[in-house]
Every structure is written in C-alpha cells, then in structure tokens.
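Next comes data.txt, with compact mmCIF, C-alpha atoms.
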```
# COMPACT_ATOMS: atom_id res chain seq x y z
CA MET A 1 -49.91 -5.10 -99.72
CA LYS A 2 -46.75 -6.42 -98.12
CA ASN A 3 -47.38 -4.08 -95.18
CA VAL A 4 -50.78 -5.66 -94.59
CA VAL A 5 -49.85 -9.30 -94.77
CA ASP A 6 -46.74 -11.34 -95.22
CA LEU A 7 -48.30 -13.76 -97.72
CA ASN A 8 -46.44 -17.01 -97.67
CA TRP A 9 -47.24 -20.26 -99.38
CA ILE A 10 -47.38 -22.28 -96.15
CA ASN A 11 -50.34 -20.22 -94.92
CA LEU A 12 -51.86 -20.41 -98.39
CA ILE A 13 -51.60 -24.22 -98.46
CA TYR A 14 -53.01 -24.40 -94.93
CA VAL A 15 -56.09 -22.34 -95.85
CA ILE A 16 -56.63 -24.26 -99.11
CA PHE A 17 -56.30 -27.53 -97.19
CA TRP A 18 -59.10 -26.56 -94.80
CA GLY A 19 -61.12 -25.18 -97.71
CA VAL A 20 -60.96 -28.52 -99.53
CA ILE A 21 -61.74 -30.52 -96.38
CA SER A 22 -64.77 -28.38 -95.49
CA PHE A 23 -65.96 -28.35 -99.12
CA ILE A 24 -65.78 -32.13 -99.54
CA SER A 25 -67.42 -32.81 -96.17
CA SER A 26 -70.27 -30.38 -97.00
CA PHE A 27 -70.77 -31.55 -100.58
CA THR A 28 -70.24 -35.28 -100.23
CA GLY A 29 -71.70 -35.75 -103.71
CA ILE A 30 -68.83 -33.77 -105.26
CA LEU A 31 -66.60 -36.86 -105.02
CA ASP A 32 -68.93 -38.51 -107.57
CA LEU A 33 -69.23 -35.23 -109.55
CA ASP A 34 -72.86 -35.04 -108.42
CA CYS A 35 -74.02 -31.43 -107.98
CA ARG A 36 -77.62 -32.24 -107.14
CA GLN A 37 -77.11 -31.25 -103.51
CA VAL A 38 -76.70 -27.59 -104.45
CA VAL A 39 -79.78 -27.45 -106.60
CA SER A 40 -81.97 -29.77 -104.54
CA GLN A 41 -85.00 -28.56 -102.62
CA ASN A 42 -83.29 -29.73 -99.42
CA LEU A 43 -80.43 -27.26 -99.75
CA LEU A 44 -80.80 -26.14 -96.14
CA LYS A 45 -80.60 -29.65 -94.79
CA ASP A 46 -78.06 -31.09 -97.25
CA VAL A 47 -75.54 -28.30 -97.59
CA LEU A 48 -76.17 -25.36 -95.28
CA ASN A 49 -76.20 -27.45 -92.12
CA PRO A 50 -72.67 -28.83 -92.62
CA VAL A 51 -71.51 -25.45 -93.90
CA PHE A 52 -72.95 -23.79 -90.79
CA ILE A 53 -71.07 -26.28 -88.58
CA TRP A 54 -67.86 -25.43 -90.43
CA ILE A 55 -68.53 -21.72 -89.96
CA ILE A 56 -68.88 -22.30 -86.20
CA ALA A 57 -65.69 -24.39 -86.23
CA PHE A 58 -63.71 -21.69 -88.08
CA PHE A 59 -65.17 -18.98 -85.86
CA GLY A 60 -64.18 -21.02 -82.78
CA ASP A 61 -60.69 -21.41 -84.24
CA TYR A 62 -60.50 -17.63 -84.74
CA LEU A 63 -61.69 -16.95 -81.18
CA TYR A 64 -59.16 -19.44 -79.80
CA SER A 65 -56.34 -17.66 -81.67
CA VAL A 66 -57.43 -14.30 -80.33
CA PHE A 67 -58.04 -15.38 -76.71
CA SER A 68 -54.87 -17.47 -76.43
CA LEU A 69 -52.75 -14.44 -77.36
CA LYS A 70 -49.61 -14.05 -75.23
CA LYS A 71 -49.42 -10.36 -74.51
CA ASP A 72 -45.65 -10.08 -74.18
CA THR A 73 -44.78 -11.78 -77.44
CA GLN A 74 -47.93 -11.41 -79.54
CA ILE A 75 -50.27 -8.62 -80.60
CA LEU A 76 -53.54 -8.30 -82.50
CA ASP A 77 -53.28 -6.87 -85.98
CA GLU A 78 -55.92 -4.13 -86.08
CA ARG A 79 -56.50 -4.40 -89.83
CA TRP A 80 -57.13 -8.14 -89.72
CA THR A 81 -59.37 -7.74 -86.67
CA LYS A 82 -61.54 -5.31 -88.65
CA VAL A 83 -61.58 -7.72 -91.61
CA SER A 84 -62.75 -10.46 -89.22
CA TYR A 85 -65.67 -8.32 -87.96
CA ILE A 86 -66.77 -7.66 -91.54
CA LEU A 87 -66.47 -11.34 -92.49
CA VAL A 88 -68.52 -12.55 -89.51
CA GLU A 89 -71.25 -9.99 -90.24
CA SER A 90 -71.23 -10.96 -93.92
CA LEU A 91 -71.50 -14.66 -93.05
CA PHE A 92 -74.69 -14.15 -91.09
CA VAL A 93 -76.23 -11.92 -93.75
CA ILE A 94 -75.43 -14.46 -96.49
CA LEU A 95 -76.72 -17.32 -94.34
CA LEU A 96 -80.04 -15.51 -93.90
CA LEU A 97 -80.16 -14.76 -97.63
CA SER A 98 -79.33 -18.33 -98.64
CA ILE A 99 -82.24 -19.69 -96.61
CA ASN A 100 -84.69 -17.35 -98.31
CA VAL A 101 -83.48 -17.09 -101.92
CA GLU A 102 -85.10 -19.09 -104.64
CA GLY A 103 -83.56 -20.17 -107.89
CA ASN A 104 -80.42 -22.18 -108.40
CA PRO A 105 -78.10 -19.37 -109.57
CA TRP A 106 -78.77 -17.40 -106.35
CA ARG A 107 -78.31 -20.49 -104.21
CA ILE A 108 -75.00 -21.30 -105.85
CA PHE A 109 -73.97 -17.64 -105.53
CA CYS A 110 -74.80 -17.70 -101.79
CA VAL A 111 -72.91 -20.95 -101.22
CA VAL A 112 -69.86 -19.58 -103.07
CA MET A 113 -69.99 -16.37 -101.02
CA LEU A 114 -70.33 -18.38 -97.81
CA TYR A 115 -67.21 -20.33 -98.73
CA LEU A 116 -65.26 -17.21 -99.56
CA CYS A 117 -66.18 -15.68 -96.19
CA MET A 118 -65.33 -18.93 -94.40
CA MET A 119 -61.92 -19.04 -96.02
CA GLY A 120 -61.49 -15.37 -95.16
CA LEU A 121 -62.27 -16.15 -91.52
CA LYS A 122 -59.78 -19.04 -91.55
CA THR A 123 -57.17 -16.73 -93.06
CA SER A 124 -57.85 -14.02 -90.48
CA SER A 125 -57.43 -16.54 -87.65
CA LEU A 126 -53.91 -17.07 -89.05
CA TYR A 127 -53.06 -13.42 -89.48
CA ALA A 128 -54.98 -11.62 -86.70
CA VAL A 129 -52.42 -12.65 -84.10
CA CYS A 130 -48.92 -11.49 -85.00
CA PRO A 131 -45.60 -11.91 -83.24
CA ARG A 132 -44.64 -8.84 -81.27
CA GLN A 133 -41.12 -7.44 -81.07
CA LYS A 134 -40.61 -4.72 -78.49
CA VAL A 135 -38.20 -2.04 -79.62
CA ALA A 136 -36.78 1.11 -78.10
CA SER A 137 -35.70 4.19 -80.03
CA VAL A 138 -32.03 5.03 -79.61
CA MET B 139 -51.95 -55.77 -101.64
CA ASN B 140 -48.82 -54.77 -103.54
CA SER B 141 -50.48 -51.66 -104.95
CA MET B 142 -51.61 -50.68 -101.41
CA ILE B 143 -48.00 -50.88 -100.19
CA LEU B 144 -46.93 -48.78 -103.18
CA TYR B 145 -49.56 -46.11 -102.38
CA ILE B 146 -48.50 -46.00 -98.73
CA ALA B 147 -44.82 -45.74 -99.72
CA ILE B 148 -45.52 -42.92 -102.20
CA SER B 149 -47.68 -41.09 -99.63
CA ALA B 150 -45.00 -41.45 -96.95
CA PHE B 151 -42.33 -40.11 -99.31
CA PHE B 152 -44.58 -37.20 -100.35
CA ILE B 153 -45.34 -36.26 -96.72
CA TYR B 154 -41.62 -36.51 -95.82
CA PHE B 155 -40.72 -34.30 -98.81
CA VAL B 156 -43.35 -31.66 -97.94
CA ILE B 157 -42.29 -31.54 -94.26
CA LYS B 158 -38.62 -31.32 -95.27
CA VAL B 159 -39.26 -28.42 -97.66
CA VAL B 160 -41.58 -26.58 -95.25
CA THR B 161 -39.24 -26.78 -92.25
CA SER B 162 -36.09 -25.90 -94.21
CA LYS B 163 -37.47 -22.58 -95.46
CA ARG B 164 -38.46 -21.09 -92.12
CA VAL B 165 -35.41 -18.98 -91.45
CA GLU B 166 -34.52 -15.36 -92.10
CA ASN B 167 -30.97 -14.21 -92.83
CA VAL B 168 -29.86 -11.17 -90.83
CA LYS B 169 -26.59 -9.32 -91.43
CA CYS B 170 -24.24 -9.02 -88.48
CA ALA B 171 -22.70 -5.73 -87.39
CA PHE B 172 -19.59 -6.30 -85.31
CA ALA B 173 -19.22 -4.15 -82.25
CA GLY B 174 -15.47 -4.06 -81.91
CA ALA B 175 -13.00 -5.94 -84.05
CA TYR B 176 -14.15 -8.63 -86.45
CA ASP B 177 -13.89 -11.92 -84.53
CA GLY B 178 -13.97 -14.36 -87.43
CA SER B 179 -17.58 -15.42 -86.88
CA ASP B 180 -20.32 -15.49 -89.54
CA THR B 181 -21.24 -12.17 -91.14
CA VAL B 182 -24.83 -13.34 -91.61
CA ILE B 183 -26.90 -15.30 -89.10
CA SER B 184 -30.06 -17.32 -89.65
CA VAL B 185 -32.90 -16.68 -87.24
CA PRO B 186 -36.23 -18.56 -87.16
CA LYS B 187 -38.77 -16.82 -89.32
CA ASP B 188 -42.16 -16.01 -87.83
CA ARG B 189 -45.26 -17.32 -89.57
CA ASN B 190 -46.75 -13.86 -89.77
CA LYS B 191 -45.23 -10.47 -90.19
CA THR B 192 -43.82 -9.14 -86.95
CA ILE B 193 -45.46 -6.09 -85.39
CA TYR B 194 -43.00 -3.80 -83.64
CA THR B 195 -44.10 -1.87 -80.57
CA GLU B 196 -42.45 0.84 -78.56
CA GLY B 197 -44.35 0.73 -75.28
CA GLU B 198 -47.89 0.19 -76.49
CA THR B 199 -47.40 2.19 -79.71
CA VAL B 200 -47.09 0.26 -82.96
CA VAL B 201 -44.00 1.29 -84.94
CA ASP B 202 -43.70 0.73 -88.70
CA LEU B 203 -40.21 -0.61 -89.40
CA SER B 204 -40.95 -1.85 -92.91
CA GLY B 205 -38.35 0.41 -94.56
CA TYR B 206 -35.63 -0.28 -92.00
CA GLU B 207 -32.63 -2.56 -92.38
CA LYS B 208 -32.13 -5.09 -89.61
CA PHE B 209 -28.73 -5.99 -88.14
CA HIS B 210 -27.65 -8.41 -85.46
CA ILE B 211 -25.07 -6.97 -83.05
CA SER B 212 -22.14 -9.30 -82.56
CA GLY B 213 -19.65 -8.53 -79.80
CA ARG B 214 -19.65 -6.82 -76.40
CA SER B 215 -17.80 -3.62 -77.31
CA LEU B 216 -20.89 -1.41 -77.13
CA GLU B 217 -22.50 -3.01 -74.09
CA LYS B 218 -21.31 -0.23 -71.80
CA VAL B 219 -23.16 2.34 -73.89
CA GLY B 220 -26.37 0.29 -74.08
CA LEU B 221 -26.06 -1.98 -77.11
CA PRO B 222 -25.56 -5.56 -75.89
CA ASP B 223 -24.25 -8.56 -77.79
CA GLY B 224 -27.11 -10.31 -79.61
CA ALA B 225 -29.37 -7.24 -79.86
CA PHE B 226 -31.15 -6.46 -83.11
CA VAL B 227 -30.96 -2.92 -84.46
CA TYR B 228 -33.04 -1.24 -87.15
CA THR B 229 -31.31 1.31 -89.31
CA LEU B 230 -32.05 3.91 -91.96
CA PRO B 231 -29.57 5.49 -94.37
CA LEU B 232 -28.57 9.04 -93.43
CA GLY B 233 -30.30 10.36 -96.56
CA ASP B 234 -30.93 14.09 -96.46
CA GLU B 235 -30.44 14.38 -92.72
CA ASP B 236 -27.75 16.68 -91.38
CA ILE B 237 -24.54 14.75 -90.76
CA TYR B 238 -24.33 16.27 -87.27
CA SER B 239 -27.61 14.50 -86.39
CA ILE B 240 -25.67 11.24 -85.96
CA CYS B 241 -23.68 12.59 -82.98
CA ASN B 242 -24.30 10.43 -79.89
CA ARG B 243 -26.16 7.85 -81.97
CA PHE B 244 -25.28 4.29 -82.89
CA VAL B 245 -24.22 3.95 -86.51
CA ILE B 246 -23.35 1.11 -88.86
CA PHE B 247 -20.24 1.35 -91.05
CA ARG B 248 -19.18 -0.85 -93.91
CA TYR B 249 -15.68 -2.26 -93.46
CA ASP B 250 -13.04 -0.39 -95.42
CA ASN B 251 -10.79 -3.35 -96.12
CA LYS B 252 -8.23 -1.36 -98.13
CA ARG B 253 -7.67 0.94 -95.18
CA LEU B 254 -7.62 -2.05 -92.80
CA ALA B 255 -4.93 -3.74 -94.89
CA LYS B 256 -2.83 -0.58 -94.83
CA GLU B 257 -3.38 0.32 -91.16
CA HIS B 258 -3.30 -3.21 -89.74
CA PRO B 259 -1.37 -5.47 -92.15
CA GLU B 260 -1.29 -8.11 -89.42
CA ILE B 261 -5.03 -8.72 -89.89
CA THR B 262 -5.31 -11.49 -92.42
CA ASN B 263 -9.04 -12.24 -92.34
CA PRO B 264 -10.79 -9.15 -93.75
CA VAL B 265 -14.46 -9.57 -94.64
CA ASP B 266 -17.05 -7.59 -96.55
CA GLY B 267 -19.21 -6.83 -93.57
CA TYR B 268 -20.42 -4.19 -91.18
CA LYS B 269 -19.38 -2.77 -87.84
CA ALA B 270 -21.40 -0.97 -85.20
CA ARG B 271 -20.07 2.11 -83.47
CA LYS B 272 -21.35 5.02 -81.41
CA ALA B 273 -20.74 8.34 -83.16
CA VAL B 274 -19.36 11.09 -80.94
CA THR B 275 -18.76 14.05 -83.18
CA ILE B 276 -17.74 15.16 -86.67
CA LEU B 277 -14.33 16.67 -87.33
CA ASP B 278 -12.87 18.46 -90.32
CA CYS B 279 -10.51 16.21 -92.22
CA LYS B 280 -7.74 18.81 -92.44
CA MET B 281 -7.39 20.00 -88.85
CA LYS B 282 -4.14 21.38 -87.55
CA GLU B 283 -2.48 19.46 -84.73
CA GLU B 284 -3.15 22.11 -82.07
CA ASP B 285 -6.80 22.54 -83.11
CA PHE B 286 -7.32 18.77 -83.07
CA LYS B 287 -5.68 18.33 -79.68
CA GLU B 288 -7.66 21.21 -78.18
CA LYS B 289 -10.93 19.85 -79.53
CA MET B 290 -10.23 16.28 -78.39
CA SER B 291 -8.96 17.45 -75.00
CA ASN B 292 -12.30 19.16 -74.44
CA ILE B 293 -14.14 15.97 -75.34
CA LEU B 294 -11.90 13.64 -73.33
CA SER B 295 -11.71 15.80 -70.23
CA SER B 296 -15.48 15.43 -69.81
CA ASP B 297 -15.22 11.67 -70.33
CA PRO B 298 -15.05 9.86 -66.95
CA ASP B 299 -13.62 6.72 -68.64
CA ILE B 300 -10.44 8.52 -69.74
CA GLU B 301 -7.88 8.94 -66.95
CA GLU B 302 -4.83 10.27 -68.79
CA VAL B 303 -6.17 12.83 -71.23
CA ASP B 304 -2.84 14.02 -72.65
CA SER B 305 -1.49 10.59 -73.58
CA CYS B 306 -4.87 9.64 -75.01
CA VAL B 307 -4.96 12.80 -77.15
CA GLU B 308 -1.48 11.99 -78.41
CA HIS B 309 -2.61 8.45 -79.31
CA LEU B 310 -5.68 9.81 -81.09
CA TRP B 311 -3.62 12.36 -83.02
CA LYS B 312 -1.67 9.45 -84.55
CA LYS B 313 -4.91 7.69 -85.51
CA TYR B 314 -6.41 10.93 -86.86
CA SER B 315 -3.27 11.69 -88.88
CA PHE B 316 -3.45 8.32 -90.53
CA ALA B 317 -7.20 8.62 -91.25
CA SER B 318 -7.01 12.19 -92.57
CA GLY B 319 -4.05 11.22 -94.75
CA TYR B 320 -5.80 8.13 -96.02
CA TYR B 321 -9.09 9.92 -96.73
CA LYS B 322 -7.40 13.01 -98.14
CA ASP B 323 -10.28 13.73 -100.55
CA GLU B 324 -12.82 13.83 -97.75
CA LYS B 325 -13.99 16.97 -95.97
CA LYS B 326 -15.24 15.43 -92.71
CA LEU B 327 -14.45 12.44 -90.52
CA ILE B 328 -16.77 10.76 -88.05
CA VAL B 329 -15.36 10.23 -84.57
CA SER B 330 -16.80 7.15 -82.88
CA ILE B 331 -16.23 5.07 -79.77
CA THR B 332 -16.10 1.41 -78.89
CA TYR B 333 -14.86 -0.48 -75.87
CA LYS B 334 -12.15 -2.95 -76.87
CA LYS B 335 -13.18 -6.36 -75.52
CA GLY B 336 -15.97 -4.55 -73.70
CA GLU B 337 -13.50 -2.87 -71.33
CA CYS B 338 -11.01 -0.42 -72.81
CA LYS B 339 -12.55 2.67 -74.38
CA ASP B 340 -11.16 3.72 -77.73
CA TYR B 341 -11.98 6.37 -80.31
CA SER B 342 -11.69 5.89 -84.07
CA PHE B 343 -12.11 7.97 -87.23
CA HIS B 344 -14.28 6.92 -90.15
CA SER B 345 -15.10 8.23 -93.58
CA LEU B 346 -18.65 9.36 -94.36
CA LYS B 347 -18.45 7.23 -97.51
CA PHE B 348 -18.50 4.10 -95.37
CA LEU B 349 -21.44 5.19 -93.21
CA HIS B 350 -24.11 2.60 -94.06
CA GLY B 351 -26.92 3.52 -91.72
CA VAL B 352 -28.02 5.22 -88.54
CA VAL B 353 -29.58 3.09 -85.81
CA LYS B 354 -33.06 4.32 -85.01
CA TYR B 355 -34.39 1.42 -82.93
CA LYS B 356 -32.98 -1.54 -81.01
CA SER B 357 -34.69 -4.63 -79.66
CA ALA B 358 -35.90 -4.05 -76.10
```
Give the structure from the file, written as structure tokens.
Amino acid sequence: MKNVVDLNWINLIYVIFWGVISFISSFTGILDLDCRQVVSQNLLKDVLNPVFIWIIAFFGDYLYSVFSLKKDTQILDERWTKVSYILVESLFVILLLSINVEGNPWRIFCVVMLYLCMMGLKTSSLYAVCPRQKVASV
Amino acid sequence: MNSMILYIAISAFFIYFVIKVVTSKRVENVKCAFAGAYDGSDTVISVPKDRNKTIYTEGETVVDLSGYEKFHISGRSLEKVGLPDGAFVYTLPLGDEDIYSICNRFVIFRYDNKRLAKEHPEITNPVDGYKARKAVTILDCKMKEEDFKEKMSNILSSDPDIEEVDSCVEHLWKKYSFASGYYKDEKKLIVSITYKKGECKDYSFHSLKFLHGVVKYKSA
C-alpha cells in the first residue's frame, strides 16, 4: 500500500474537511438533525442538485491539478489516474441510478455512494500529481 | 459579548496550534555521506518533505526506488568523477552480488572510528556517520610488497591524474600496510579514490565489513 500512496494525516484532514463542507452544504437540514431531505419526494431538487454542483467542483479541481502539472518537476501517477477514470464513470452511473430509484434505502445508498466517489475524486486530485525527481543510474 | 471574545480567542489559538503542528512536521531527515574527510558539519540534514510520494524517473521511465536508502553527498571530493556536493544518491546493500561488481562504482562506507583513532590520532571529532567513495578495485589483504607495487603501478600508470607513479606507489604501500595489518582477519580490501579538497587525487583501502551500500542512482 505504501508504494501506491504516501498516506499522511494532512491529506486525510484536507479530504475530510471538504467532505464535511460539501455534506453540510448539501444537507442543510443535518445541522438540525433533520433527515427529511434524503427521504423527501424532492430528493432530486433538495439534495442531488447541490451534490451535483459539488461533483462538478471536485472534478474541476481534479482537472486543474492535472492540467497545471509542471512537466520538469511533476508527473502523473498512472495508478491514481486510472482510479480517477473509474470514479468519474461511477459518479455518472450512480447519478443516473439515484434519479430513477424508488424507496428510501436505495436513495440513501445512492447518496452515500455518491459521497464516497466524490471524496475519492477529491483524494485523487491530491495524489494524481506527484513530485518528480529525475535520477541517473551510476 | 465576553463569550464571543472567548470563542474568537479559542479559535485563534486552535488555528495557530494546527498551523504550527502542520508546518513543523513537513521535513524529511536524510543521512549525509561525506565525500572526503569529515568536515564537522551535520551528519543528518532536514529537507522539505513533499506532500505526495515522489516518483523517480530516469529519462521518461519511472524507476521504483522504494527499497533504496537515500544519502545526501556532502563535500566536493567526488565532483571530478561525477558526484557533486549536494547530490542525492540512492543505494542498495551489496547483498548476494559479487564483490567485484562494485569496481568503478560509487559506494558508501560507514566510518571505522577505531581505525581512524589509530591511523589519525590528531583527528578529535570522530562521528558515527558515512563516507562516499568511488571503488576502483579489490585487493587481497595479504599481498606481498612486490605484487602490490606491480598491481598498483599498472593501475596508476593508466591514470592521467597521477604524475609520479613510483612515489605514489610507495605512499600507497604505506597506507596498504597499515590497512592490511589493521584488518588482519579480512581476506579482501576495497581500493577507492577521492580527491582531497576536490583537487588532489588519493587512494585508500577499506574493509568489506564497513561497506554500507552501493550507489545505484544519483539525482540528475
């Protein structure tokens, strides 16, 4: 695992911070411990719209990280790039599912999965671009 | 009003504490390997730590250096042979490799302070550290004088940096005699070079027991 990612608590706190911010802004009722938004008939309007905006924001953040890469000192981590592709695909599939599913357990499941993918995308925007050290064999 | 001031004060202290902790932990300690004589500087340096793991590339090829030990080269004594002051090197232990595979490679030795104290009693600041050298060849520990001088003459005569081969061989025989006497239980000695103060070429003899690692990569 250590070869894949140098997990450090600063990155962890950063991702959790954005997770909490996006969660509270999407579920404003959570501050009053009111979960009616998730199980309401207006799920799409009340929850999925702000979640969708956060997905776009995190995706934009990821794209910015990738496109602002400095070639001499930075490099894309292939494994995290693949993870990002999978996460973006999963996000759209879950979004489509969440619009069409009926029943509260499925809705909650979809929202949880959306959040996990969003946090994954935020994490990959941190890890996809790595510092590059040029070496020469001697 | 008072409680508001208290909240702000607590928040400010908390933010200060978090920033202090976060910024103080972002360094990596790297051991120094001294090219040339130990100069009294730190044996470990702190370098800023990257947020993510570093990916090493040779050309456009990604190289996995996860099992390698990193050293910071301190001193200019190997600059002439391509290892400048401030470079980072990545080493592996010799392991099962043939000892002769280190010839013409950079190597890292641990300091042998007992030998240093005996050979150079004037040095009063020994440290438990590492030194970088370039290995030249491997010699038997119990060579006769004529065999040693013939072997070293062959090596030195093809060395453009050595002008007076005979006097140099004589000087090296004294160093070899001391090393072979000191390491009398050893079978082989490693011959290595450095340039004293980056200028004057010198050969030295080291025990295999103090060979810490072989340099496989250096920072480009």
Give me, as a PDB file with C-alpha atoms, in the coordinates of the input, the contact residues of chain A against chain B at a cut-off of 6 Å, counting all atoms listed in the file.
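What follows is the written file result.pdb:
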```
ATOM      1  CA  ASP A   6     -46.740 -11.340 -95.220  1.00  0.00           C
ATOM      2  CA  CYS A 130     -48.920 -11.490 -85.000  1.00  0.00           C
ATOM      3  CA  PRO A 131     -45.600 -11.910 -83.240  1.00  0.00           C
ATOM      4  CA  ARG A 132     -44.640  -8.840 -81.270  1.00  0.00           C
ATOM      5  CA  GLN A 133     -41.120  -7.440 -81.070  1.00  0.00           C
ATOM      6  CA  LYS A 134     -40.610  -4.720 -78.490  1.00  0.00           C
ATOM      7  CA  VAL A 135     -38.200  -2.040 -79.620  1.00  0.00           C
ATOM      8  CA  ALA A 136     -36.780   1.110 -78.100  1.00  0.00           C
ATOM      9  CA  SER A 137     -35.700   4.190 -80.030  1.00  0.00           C
ATOM     10  CA  VAL A 138     -32.030   5.030 -79.610  1.00  0.00           C
TER      11      VAL A 138
END
```
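When CA of Leu121 in chain A is paired with CA of Thr73 in chain A, their separation reads 22.9 Å.
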Quick one: pull the distance between CA of Ala150 in chain B and CA of Leu12 in chain A, Å, one decimal. 22.2 Å
Go through B:Lys169, B:Lys347, B:Lys187, B:Lys334 one by one, measure the shortest atom-to-atom distance of each to Asp266 in chain B using all atoms listed in the file, and give the residue with the smallest value.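 Result for the nearest residue to Asp266 in chain B: B:Lys169.
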Ala225 in chain B environment, 6 Å, all atoms listed in the file, sequence neighbours closer than 2 positions dropped, as a ChimeraX atom specification: /B:210-211,222-223,357
I'd like the interatomic distance between CA of Gly120 in chain A and CA of Phe58 in chain A, to a tenth of an Å.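 Answer for the CA of Gly120 in chain A to CA of Phe58 in chain A separation: 9.7 Å.
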Residue nearest Val245 in chain B among B:Ala317, B:Val156, B:Leu346, B:Ile183 (counting all atoms listed in the file):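 Of B:Ala317, B:Val156, B:Leu346, B:Ile183, the one nearest Val245 in chain B, counting all atoms listed in the file, is B:Leu346.
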Range 86-89 of chain A: which residues within 10 Å, counting only C-alpha atoms, same-chain residues fewer than 6 positions away excluded, as a ChimeraX atom specification? /A:55,59,80,114,116-121,124
Please write out, as AutoDock Vina command-line options, where the centre of an axis-aligned box around all listed atoms of range 303-313 of chain B lies and how long its edges are, in Å to one decimal, after adding 4 Å on each side.
```
--center_x -3.8 --center_y 10.9 --center_z -78.4 --size_x 12.7 --size_y 14.3 --size_z 22.3
```
Around (-50.2, -11.0, -84.6), as given in the file, which residues come within 6 Å? Count all atoms listed in the file and list them as a PyMOL selection string. chain A and resi 74-77+128-131
Can you tell me, as a count of residues only, which residues sit within 8 Å of (-8.7, 4.3, -69.4) in the file's frame, using all atoms listed in the file? 6
Env of Phe52 in chain A: 12 Å cut, atoms = all atoms listed in the file, seq-sep filter 4 positions within chain, self excluded. Answer as a count of residues only. 25
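Nearest-residue note for Phe27 in chain A: choosing from A:Val93, A:Leu63, A:Ile10, A:Val51, the minimum distance belongs to A:Val51, counting all atoms listed in the file.
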Using all atoms listed in the file, the best pick from B:Arg271, B:Lys325, B:His309, B:His344 as closest to Met290 in chain B would be B:His309
Atom completion result for range 84-99 of chain A (N, CA, C and O atoms) as a PDB file, in the coordinates of the input:
```pdb
ATOM      1  N   SER A  84     -62.014  -9.364 -89.858  1.00  0.00           N
ATOM      2  CA  SER A  84     -62.750 -10.460 -89.220  1.00  0.00           C
ATOM      3  C   SER A  84     -64.175 -10.035 -88.863  1.00  0.00           C
ATOM      4  O   SER A  84     -65.126 -10.791 -89.083  1.00  0.00           O
ATOM      5  N   TYR A  85     -64.324  -8.816 -88.298  1.00  0.00           N
ATOM      6  CA  TYR A  85     -65.670  -8.320 -87.960  1.00  0.00           C
ATOM      7  C   TYR A  85     -66.553  -8.323 -89.210  1.00  0.00           C
ATOM      8  O   TYR A  85     -67.692  -8.799 -89.200  1.00  0.00           O
ATOM      9  N   ILE A  86     -65.991  -7.771 -90.294  1.00  0.00           N
ATOM     10  CA  ILE A  86     -66.770  -7.660 -91.540  1.00  0.00           C
ATOM     11  C   ILE A  86     -67.152  -9.043 -92.052  1.00  0.00           C
ATOM     12  O   ILE A  86     -68.298  -9.275 -92.465  1.00  0.00           O
ATOM     13  N   LEU A  87     -66.213  -9.988 -91.975  1.00  0.00           N
ATOM     14  CA  LEU A  87     -66.470 -11.340 -92.490  1.00  0.00           C
ATOM     15  C   LEU A  87     -67.565 -12.037 -91.684  1.00  0.00           C
ATOM     16  O   LEU A  87     -68.454 -12.683 -92.251  1.00  0.00           O
ATOM     17  N   VAL A  88     -67.515 -11.890 -90.353  1.00  0.00           N
ATOM     18  CA  VAL A  88     -68.520 -12.550 -89.510  1.00  0.00           C
ATOM     19  C   VAL A  88     -69.903 -11.972 -89.799  1.00  0.00           C
ATOM     20  O   VAL A  88     -70.884 -12.712 -89.960  1.00  0.00           O
ATOM     21  N   GLU A  89     -69.972 -10.629 -89.908  1.00  0.00           N
ATOM     22  CA  GLU A  89     -71.250  -9.990 -90.240  1.00  0.00           C
ATOM     23  C   GLU A  89     -71.755 -10.487 -91.598  1.00  0.00           C
ATOM     24  O   GLU A  89     -72.930 -10.821 -91.751  1.00  0.00           O
ATOM     25  N   SER A  90     -70.850 -10.532 -92.573  1.00  0.00           N
ATOM     26  CA  SER A  90     -71.230 -10.960 -93.920  1.00  0.00           C
ATOM     27  C   SER A  90     -71.748 -12.398 -93.914  1.00  0.00           C
ATOM     28  O   SER A  90     -72.722 -12.727 -94.598  1.00  0.00           O
ATOM     29  N   LEU A  91     -71.085 -13.250 -93.119  1.00  0.00           N
ATOM     30  CA  LEU A  91     -71.500 -14.660 -93.050  1.00  0.00           C
ATOM     31  C   LEU A  91     -72.949 -14.787 -92.620  1.00  0.00           C
ATOM     32  O   LEU A  91     -73.723 -15.542 -93.217  1.00  0.00           O
ATOM     33  N   PHE A  92     -73.315 -14.034 -91.585  1.00  0.00           N
ATOM     34  CA  PHE A  92     -74.690 -14.150 -91.090  1.00  0.00           C
ATOM     35  C   PHE A  92     -75.696 -13.583 -92.084  1.00  0.00           C
ATOM     36  O   PHE A  92     -76.776 -14.153 -92.269  1.00  0.00           O
ATOM     37  N   VAL A  93     -75.325 -12.494 -92.742  1.00  0.00           N
ATOM     38  CA  VAL A  93     -76.230 -11.920 -93.750  1.00  0.00           C
ATOM     39  C   VAL A  93     -76.422 -12.917 -94.897  1.00  0.00           C
ATOM     40  O   VAL A  93     -77.550 -13.170 -95.334  1.00  0.00           O
ATOM     41  N   ILE A  94     -75.334 -13.509 -95.369  1.00  0.00           N
ATOM     42  CA  ILE A  94     -75.430 -14.460 -96.490  1.00  0.00           C
ATOM     43  C   ILE A  94     -76.191 -15.721 -96.072  1.00  0.00           C
ATOM     44  O   ILE A  94     -76.977 -16.271 -96.844  1.00  0.00           O
ATOM     45  N   LEU A  95     -75.975 -16.148 -94.824  1.00  0.00           N
ATOM     46  CA  LEU A  95     -76.720 -17.320 -94.340  1.00  0.00           C
ATOM     47  C   LEU A  95     -78.220 -17.058 -94.369  1.00  0.00           C
ATOM     48  O   LEU A  95     -79.004 -17.892 -94.829  1.00  0.00           O
ATOM     49  N   LEU A  96     -78.616 -15.871 -93.887  1.00  0.00           N
ATOM     50  CA  LEU A  96     -80.040 -15.510 -93.900  1.00  0.00           C
ATOM     51  C   LEU A  96     -80.562 -15.463 -95.326  1.00  0.00           C
ATOM     52  O   LEU A  96     -81.660 -15.954 -95.628  1.00  0.00           O
ATOM     53  N   LEU A  97     -79.759 -14.862 -96.224  1.00  0.00           N
ATOM     54  CA  LEU A  97     -80.160 -14.760 -97.630  1.00  0.00           C
ATOM     55  C   LEU A  97     -80.322 -16.152 -98.254  1.00  0.00           C
ATOM     56  O   LEU A  97     -81.301 -16.425 -98.948  1.00  0.00           O
ATOM     57  N   SER A  98     -79.338 -17.019 -97.974  1.00  0.00           N
ATOM     58  CA  SER A  98     -79.330 -18.330 -98.640  1.00  0.00           C
ATOM     59  C   SER A  98     -80.527 -19.178 -98.241  1.00  0.00           C
ATOM     60  O   SER A  98     -80.956 -20.042 -98.997  1.00  0.00           O
ATOM     61  N   ILE A  99     -81.064 -18.929 -97.033  1.00  0.00           N
ATOM     62  CA  ILE A  99     -82.240 -19.690 -96.610  1.00  0.00           C
ATOM     63  C   ILE A  99     -83.466 -19.226 -97.392  1.00  0.00           C
ATOM     64  O   ILE A  99     -84.345 -20.005 -97.743  1.00  0.00           O
TER      65      ILE A  99
END
```
